[in-house]
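Have a look at run36.txt below; it lists compact mmCIF, C-alpha atoms.
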```txt
# COMPACT_ATOMS: atom_id res chain seq x y z
CA MET A 797 20.89 -16.40 -5.78
CA GLY A 798 19.68 -19.95 -6.24
CA LEU A 799 17.13 -19.11 -8.93
CA GLN A 800 16.79 -21.68 -11.70
CA LEU A 801 14.51 -20.55 -14.52
CA SER A 802 13.75 -21.85 -17.96
CA SER A 803 12.66 -19.36 -20.58
CA ALA A 804 8.98 -20.34 -20.20
CA SER A 805 9.13 -20.08 -16.42
CA LEU A 806 10.86 -16.71 -16.63
CA ALA A 807 8.24 -15.43 -19.08
CA ILE A 808 5.40 -16.54 -16.78
CA ARG A 809 7.08 -14.91 -13.77
CA LEU A 810 7.66 -11.67 -15.68
CA VAL A 811 4.07 -11.51 -16.94
CA SER A 812 2.55 -12.35 -13.55
CA GLY A 813 4.93 -9.93 -11.83
CA ALA A 814 4.01 -7.15 -14.24
CA ALA A 815 0.28 -7.81 -13.75
CA LEU A 816 0.60 -7.82 -9.96
CA ALA A 817 2.78 -4.71 -10.02
CA ALA A 818 0.24 -2.93 -12.23
CA LEU A 819 -2.55 -3.82 -9.80
CA VAL A 820 -0.53 -2.62 -6.80
CA PHE A 821 0.40 0.55 -8.71
CA LEU A 822 -3.26 1.24 -9.48
CA VAL A 823 -4.60 0.58 -5.98
CA PHE A 824 -1.79 1.91 -3.80
CA TYR A 825 -0.36 4.73 -5.93
CA TYR A 826 -2.65 5.96 -8.70
CA LEU A 827 -5.98 5.97 -6.86
CA PRO A 828 -4.69 7.70 -3.68
CA ALA A 829 -2.60 10.20 -5.66
CA ASN A 830 -5.54 11.15 -7.90
CA PHE A 831 -8.44 10.59 -5.52
CA SER A 832 -9.62 14.19 -5.40
CA ALA A 833 -9.41 14.56 -9.18
CA LEU A 834 -11.36 11.35 -9.72
CA VAL A 835 -14.10 12.26 -7.24
CA SER A 836 -14.39 15.99 -7.97
CA GLY A 837 -15.83 15.40 -11.45
CA SER A 838 -19.16 14.28 -9.98
CA LEU A 839 -19.41 16.95 -7.24
CA SER A 840 -20.24 20.63 -7.14
CA ALA A 841 -17.35 23.10 -6.95
CA GLY A 842 -17.73 23.73 -3.21
CA SER A 843 -18.04 20.07 -2.35
CA ALA A 844 -15.12 19.17 -4.61
CA ALA A 845 -12.87 21.65 -2.79
CA ALA A 846 -13.93 20.24 0.57
CA VAL A 847 -13.36 16.65 -0.56
CA SER A 848 -9.97 17.62 -2.00
CA SER A 849 -8.77 19.20 1.24
CA VAL A 850 -10.00 16.28 3.37
CA ALA A 851 -8.51 13.71 0.95
CA THR A 852 -5.15 15.48 0.95
CA ALA A 853 -5.08 15.48 4.75
CA LEU A 854 -6.06 11.82 4.99
CA ILE A 855 -3.92 10.34 2.22
CA GLY A 856 -0.74 12.30 2.87
CA SER A 857 2.48 10.72 1.59
CA THR A 858 1.20 7.17 1.16
CA PRO A 859 1.28 7.19 -2.69
CA ILE A 860 5.10 7.24 -2.68
CA ILE A 861 5.12 4.06 -0.60
CA GLY A 862 2.65 2.56 -3.09
CA LEU A 863 5.06 3.26 -5.93
CA VAL A 864 7.90 1.46 -4.13
CA LEU A 865 5.53 -1.40 -3.28
CA ALA A 866 4.73 -1.91 -6.96
CA VAL A 867 8.42 -2.36 -7.76
CA LEU A 868 8.92 -4.75 -4.83
CA VAL A 869 5.88 -6.84 -5.78
CA PHE A 870 7.32 -7.25 -9.28
CA LEU A 871 10.67 -8.30 -7.81
CA GLY A 872 8.91 -10.68 -5.44
CA ALA A 873 7.12 -12.41 -8.30
CA VAL A 874 10.32 -12.77 -10.32
CA LEU A 875 12.59 -13.79 -7.42
CA ARG A 876 10.23 -16.27 -5.75
CA GLY A 877 12.17 -19.35 -4.73
CA SER A 878 15.55 -17.63 -4.63
CA SER A 879 17.57 -16.68 -1.59
CA ALA A 880 16.74 -12.99 -2.16
CA TYR A 881 13.00 -13.68 -1.90
CA GLY A 882 13.09 -13.55 1.90
CA VAL A 883 14.60 -10.05 1.84
CA VAL A 884 11.98 -8.90 -0.68
CA LEU A 885 9.20 -10.31 1.53
CA ILE A 886 10.57 -8.50 4.58
CA LEU A 887 10.64 -5.23 2.62
CA ILE A 888 7.13 -5.76 1.23
CA GLY A 889 5.71 -6.58 4.66
CA SER A 890 7.44 -3.61 6.27
CA LEU A 891 6.26 -1.19 3.60
CA PHE A 892 2.68 -2.49 3.73
CA ALA A 893 2.77 -2.02 7.50
CA ALA A 894 4.09 1.52 7.08
CA TYR A 895 1.44 2.23 4.42
CA THR A 896 -1.34 0.99 6.71
CA TYR A 897 -0.01 2.95 9.68
CA LEU A 898 0.32 6.18 7.69
CA LEU A 899 -3.02 5.78 5.94
CA LEU A 900 -4.82 5.28 9.25
CA HIS A 901 -2.73 7.99 10.97
CA GLY A 902 -1.57 5.71 13.74
CA GLY A 903 -5.12 4.69 14.63
CA SER A 904 -6.59 8.16 15.12
CA ILE A 905 -7.86 9.94 12.03
CA GLY A 906 -8.69 13.55 12.76
CA GLY A 907 -8.99 16.90 11.13
CA THR A 908 -11.04 20.02 10.66
CA LEU A 909 -14.11 20.13 8.49
CA PRO A 910 -14.08 23.05 6.04
CA SER A 911 -16.70 25.69 6.74
CA ASP A 912 -17.92 25.79 3.14
CA LEU A 913 -19.72 22.43 3.22
CA SER A 914 -23.21 22.38 1.73
CA LEU A 915 -24.95 21.97 5.08
CA GLY A 916 -22.80 24.57 6.79
CA ALA A 917 -21.28 22.07 9.19
CA ALA A 918 -17.91 23.00 10.61
CA GLY A 919 -15.70 21.73 13.40
CA ASN A 920 -13.11 19.15 14.31
CA PHE A 921 -13.47 15.40 14.05
CA THR A 922 -11.50 12.42 15.34
CA ILE A 923 -12.14 8.81 14.40
CA ASP A 924 -10.55 6.04 16.45
CA VAL A 925 -9.54 3.26 14.06
CA SER A 926 -6.85 1.67 16.21
CA LEU A 927 -8.51 -1.76 16.27
CA LEU A 928 -8.93 -1.71 12.48
CA MET A 929 -5.30 -0.69 12.12
CA VAL A 930 -4.12 -3.58 14.32
CA VAL A 931 -6.21 -6.06 12.31
CA LEU A 932 -4.85 -4.69 9.02
CA LEU A 933 -1.25 -4.80 10.30
CA ILE A 934 -1.38 -8.53 11.11
CA PRO A 935 -0.93 -9.76 7.47
CA SER A 936 1.98 -7.34 6.96
CA LEU A 937 3.71 -8.54 10.11
CA LEU A 938 3.13 -12.17 9.12
CA THR A 939 4.76 -11.42 5.76
CA VAL A 940 7.81 -10.08 7.60
CA VAL A 941 7.90 -13.25 9.72
CA LYS A 942 7.65 -15.43 6.59
CA GLY A 943 10.51 -13.52 4.97
CA THR A 944 12.62 -13.92 8.11
CA LEU A 945 11.92 -17.67 8.22
CA LEU A 946 12.83 -18.01 4.54
CA LEU A 947 16.10 -16.19 5.18
CA ALA A 948 16.86 -18.55 8.06
CA VAL A 949 16.17 -21.61 5.86
CA HIS A 950 18.41 -20.35 3.02
CA GLU A 951 21.36 -19.70 5.34
```
Starting from the file, lay out its structure as structure tokens.
Amino acid sequence: MGLQLSSASLAIRLVSGAALAALVFLVFYYLPANFSALVSGSLSAGSAAAVSSVATALIGSTPIIGLVLAVLVFLGAVLRGSSAYGVVLILIGSLFAAYTYLLLHGGSIGGTLPSDLSLGAAGNFTIDVSLLMVVLLIPSLLTVVKGTLLLAVHE
């Protein structure tokens, strides 16, 4: 794979990869997967149920992608400089783009407010976040381009 590592360099890559993977795991898997449990401790029972249902609808299946991202970030830190690094970057960029797209529901976040809110508000809502989604997708797409360029250089 073209990776030349001394024992000190390997140790530094493993430690930095583990730290980065732990951070990605926390932000992109643990917090979304446990958001309602973390927030409900400071809310009343009715508000906690409303927040839980809205959070479940908004977050969806993104925590699974966050778990895979943590593994890929670790591999990216360890394999940096090798010929496999380009493939890892392409996968990381693609998964971050998918995570962003799914989290922002394709640019249109919508749902139904539960009727048991404290102020009695009920109804449907839609938030257009398409411009925000496009801005947040740019770094992911640039990561895919970088991985593609690295693959072209190593071939």
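Taking all atoms listed in the file into account, Asn830 in chain A lies nearest to A:Gly856 out of the set A:Gly856, A:Gly919, A:Gly903, A:Pro935.
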Near Ala818 in chain A, within 8 Å and counting all atoms listed in the file, which residues show up once chain neighbours fewer than 4 positions away are dropped, as a PDB file with C-alpha atoms, keeping the file's coordinate frame?
```pdb
ATOM      1  CA  ALA A 814       4.010  -7.150 -14.240  1.00  0.00           C
ATOM      2  CA  LEU A 822      -3.260   1.240  -9.480  1.00  0.00           C
ATOM      3  CA  ALA A 866       4.730  -1.910  -6.960  1.00  0.00           C
TER       4      ALA A 866
END
```
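Atom pair CA of Thr908 in chain A / CA of Phe921 in chain A has a distance of 6.2 Å (rounded to one decimal).
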For this session: May I have the protein, DNA and RNA residues with any atom at most 12 Å from the point (-3.9, -6.3, 11.2), counting all atoms listed in the file, written as a PyMOL selection string?
Result: chain A and resi 889+892-894+896-897+900+903+925-939
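In terms of minimum interatomic distance to Ala853 in chain A, A:Ala829 ranks closest within A:Ala817, A:Ala829, A:Leu945, A:Leu887, counting only C-alpha atoms.
Here CA of Ile855 in chain A and CA of Leu899 in chain A stand 6.0 Å from one another.
The space separating CA of Ile886 in chain A from CA of Ala807 in chain A comes to 24.8 Å.
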For this session: Could you tell me which of A:Leu816, A:Asp924, A:Val940, A:Arg809 comes closest to Val884 in chain A if we count only C-alpha atoms?
Result: A:Val940
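Non-sequential neighbours of Ala833 in chain A (distance at most 12 Å, separation of 4 or more positions within a chain, all atoms listed in the file) are A:Tyr826, A:Leu827, A:Pro828, A:Ala829, A:Gly837, A:Ser838, A:Leu839, A:Ala841, A:Ala844, A:Ala845, A:Val847, A:Ser848, A:Ser849, A:Ala851, A:Thr852.
Nearest residue to Thr922 in chain A, choosing from A:Val867, A:Tyr895, A:Leu875, A:Leu854 and counting all atoms listed in the file: A:Leu854.
Between Leu891 in chain A and the residues A:Gly907, A:Gly862, A:Gly877, A:Phe870, the shortest atom-to-atom distance, using only C-alpha atoms, involves A:Gly862.
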Exercise. For Ile808 in chain A, which residue out of A:Ile860, A:Val874, A:Leu885, A:Val941 is the nearest one, using only C-alpha atoms?
Worked result: A:Val874
